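Asks: Pasting a structure here, questions to come.
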Amino acid sequence: MLASRRLTTLTGVGGVGKSRLALRAVSDPEQARPDGVWWVELSPLRDPGLLTMTVAHAVGLADHSARPLDEELCAWMADKELLLVLDTCEHMVAECRHLVGELLQSAPGLTVLATSREPLDSPCEKVVEVCPLPCGGPDSDALALFRARALTATPEAAAAFDDPGRARLAAEVCRRLDGIPLALELAGARMRLWTLEQVAQRLGTRFAVLSDSGPGLQPRHRTMRTAIGWSHELCEPVERLLWARLSVFTGDFDIAAARAVCSGGPLPASRVERVLAGLVAKSVVRRTLERGAGARYRMLDTIREYGHDWLTELGEVQTVADRHAHWYAALCQAADRGWMTPEQVDWYRRITAEHAQLRTALEHLLGADPAAALEMAGALWFFWFSCGHVHEGRGFLERALRTAPGTGAAYTQALWALGLTTLLQGDMDAALELGAECTRAAARLADPEPELRAAYLHGVSVLMPGDPVRALELAGPRARAAHGGRTSGPGWLLCRLATGYALCDLERFEEAAEEARGLREACAELGERWLRAYADYILAVAALGLGHHGEAARHVRAMLSGKRLLGDRFGIALGLDVLAAAVAALGDGELAARLLGTGHAWWRTVGRPQMGSPSLTALRDRGERQARAAIGDEAYEAAFLGGTAASTG
């Protein structure tokens with residue numbers, strides 16, 4: 001169907017294996033597409049307004065424009081040939097139907113595979129019901145899965161399946177569970193402690209009662225609900241408590257978060273890890289080991305929903321949600337403090353891994369504690385500004401600023417962070433206004449650091465449209481000295497960055513290089529990578545202006561290395577333009593053309609080529625002219641086109 005239908009939706013009861021079937025289908029090498037296969041997990045998403053942002057980020061579009069993101073996503077996909085998987089759509093069917101319709105209309109080469117407990121009800125949709133595994137006969141698929149999960153729990157279970165008489169009993173267990181994979185996995189996990197006969201007996205007793213299954217449920221839903229309820233009853237009381245409290249997590253989480261959020265009462269923090277291990281052994285929680293992130297845990301949606309019902313019964317929903325939100329708010333504060341340190345790359349990876357939890361926490365705090373939401377959204381400035389989440393950051397910051405107190409350090413920080421997002425979107429009127437407002441708010445604090453940050457915002461908001469003289473007045477050496485403050489603080493260093501940009505625009509290249517060297521040394525002492533890479537960029541532009549083309553290429557390659565570590569798409573696009581100009585000046589027109597093509601592909605993921613800046617556009621155009629002059633228009637176009645095919649994933 002993926003070869004012949006543009007939209008296929010896998011439907012079925014929770015736990016029947018829709019996501020696993022989708023993953024197996026798109027893993028087939030025959031399903032490869034020129035522009036990739038992209039998986040978008042929607043189960044952690046609670047706000048439908050973040051759907052388009054989630055899809056855009058998953059496919060590598062870190063759009064920085066102020067245009068509606070759905071328009072940008074449609075335009076970006078228009079000439080792509082790719083396969084998009086939207087996993088777990090049932091909680092936002094209408095929104096998924098609308099977005100998929102827009103994308104399919106705009107992108108003829110797009111194929112969509114969705115998983116949902118109900119169809120999207122789209123005109124071009126092919127609905128495929130994912131049925132439970134066949135459970136009749138001694139060689140049934142259901143029995144094979146039950147056996148595999150039992151052997152995972154304990155190798156001693158093999159004897160139960162090798163004996164013909166006991167194998168018939170195992171087949172009866174599969175039949176009672178309707179062949180639903182998740183139910184079979186839960187039953188298989190019990191074989192670690194019970195015999196097959198005990199599993200069958202206790203399961204039979206449970207199914208005779210069906211006490212927790214509403215009469216309105218369809219048979220398979222009732223079976224799944226009952227199987228989960230049976231597994232729940234067989235847990236120790238403290239395991240049930242942890243199960244309920246873990247339901248507050250959307251997506252995956254680590255053990256530190258579980259301890260902080262779920263401990264209390266009969267479950268002290270020191271016992272959480274051991275109790276969690278018990279839930280993993282019972283297949284209630286899944287554990288994975290991820291490179292750079294350690295052990296991560298998650299619940300399948302069906303199991304999490306059951307736990308949340310129990311959390312409601314316990315009357316702890318608000319309490320646990322508050323703990324969850326404040327834990328992640330504190331994590332963001334720690335990340336903010338650690339951003340300008342040797343742990344910067346680690347913090348980038350950790351905050352990226354926790355993205356779903358951060359969204360959940362912010363949504364909760366916006367309603368429950370607006371002041372905490374404002375502080376959290378402002379502390380994430382580096383995530384919004386440096387890591388490609390401009391649209392999302394602007395949305396959260398604007399909402400937080402509307403509901404929280406309009407004074408104080410947190411308010412000033414959030415204003416500044418909002419200004420950074422508008423700056424990257426090219427909304428210079430808003431950036432100018434926010435820069436001025438941030439300057440006034442910072443002055444009331446009598447703290448040099450927010451004053452320097454405001455000076456950077458104000459300076460760059462006049463620099464980007466083409467006024468480097470005014471930018472120097474706002475953020476240059478004299479302005480920095482007037483504010484005072486720590487020369488190693490983010491505000492001071494960002495002002496040095498703005499100064500370097502402005503001096504390059506004024507063609508004062510030796511002064512720009514001196515400023516950039518000072519910035520780079522300061523960042524190296526801190527162990528910081530993001531700003532240091534931009535210092536390399538200024539050194540490259542200055543070397544280019546001074547005619548030192550080989551030196552420029554060396555600096556920009558160092559810059560690109562740093563930007564790739566932090567996923568800074570804007571920085572990568574900038575660097576490719578400069579590298580192309582340096583290579584063209586060295587006489588390699590073909591490589592320059594390929595680099596410009598690759599740069600074009602990266603700029604498309606950002607949304608605004610050269611950010612509309614006259615100086616950035618002029619630098620890029622100079623590289624193109626030199627490349628065309630070196631190899632001719634026809635060879636240039638061919639090499640450029642080859643460069644556009646480079647991966648931006």
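Following the order of the structure tokens, chains are lettered A, B, ..., residues in each are numbered from 1, and ligands are numbered from 1.
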Write out as a PyMOL selection string the residues lying within 9 Å of Gly137 (chain A), counting only C-alpha atoms and excluding same-chain residues fewer than 6 positions away.
Replies: chain A and resi 143+168+171
Asks: Measuring atom to atom with only C-alpha atoms, identify which of A:Val40, A:Leu110, A:Val127, A:Ile631 is nearest to Thr88 (chain A).
Replies: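 Selected residue with least distance to Thr88 (chain A): A:Val40.
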Asks: Kindly give the distance, in Å, that separates CA of Leu591 (chain A) and CA of Gly571 (chain A), rounded to a single decimal.
Replies: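 Result for CA of Leu591 (chain A) versus CA of Gly571 (chain A): 19.8 Å, one decimal.
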Asks: Using CA of Pro155 (chain A) and CA of Met299 (chain A) as the two end points, give the distance in Å to one decimal.
Replies: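 CA of Met299 (chain A) lies 25.0 Å from CA of Pro155 (chain A).
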Asks: If you take only C-alpha atoms and a cut-off of 9 Å, which residues of region 542-570 of chain A touch region 331-349 of chain A, and what are their nearest atom pairs and distances in Å to one decimal, in chain and number order, as CSV?
Replies:
residue,atom,partner,partner_atom,distance
A:Leu565,CA,A:Val345,CA,7.0
A:Leu566,CA,A:Val345,CA,6.4
A:Gly567,CA,A:Tyr348,CA,8.9
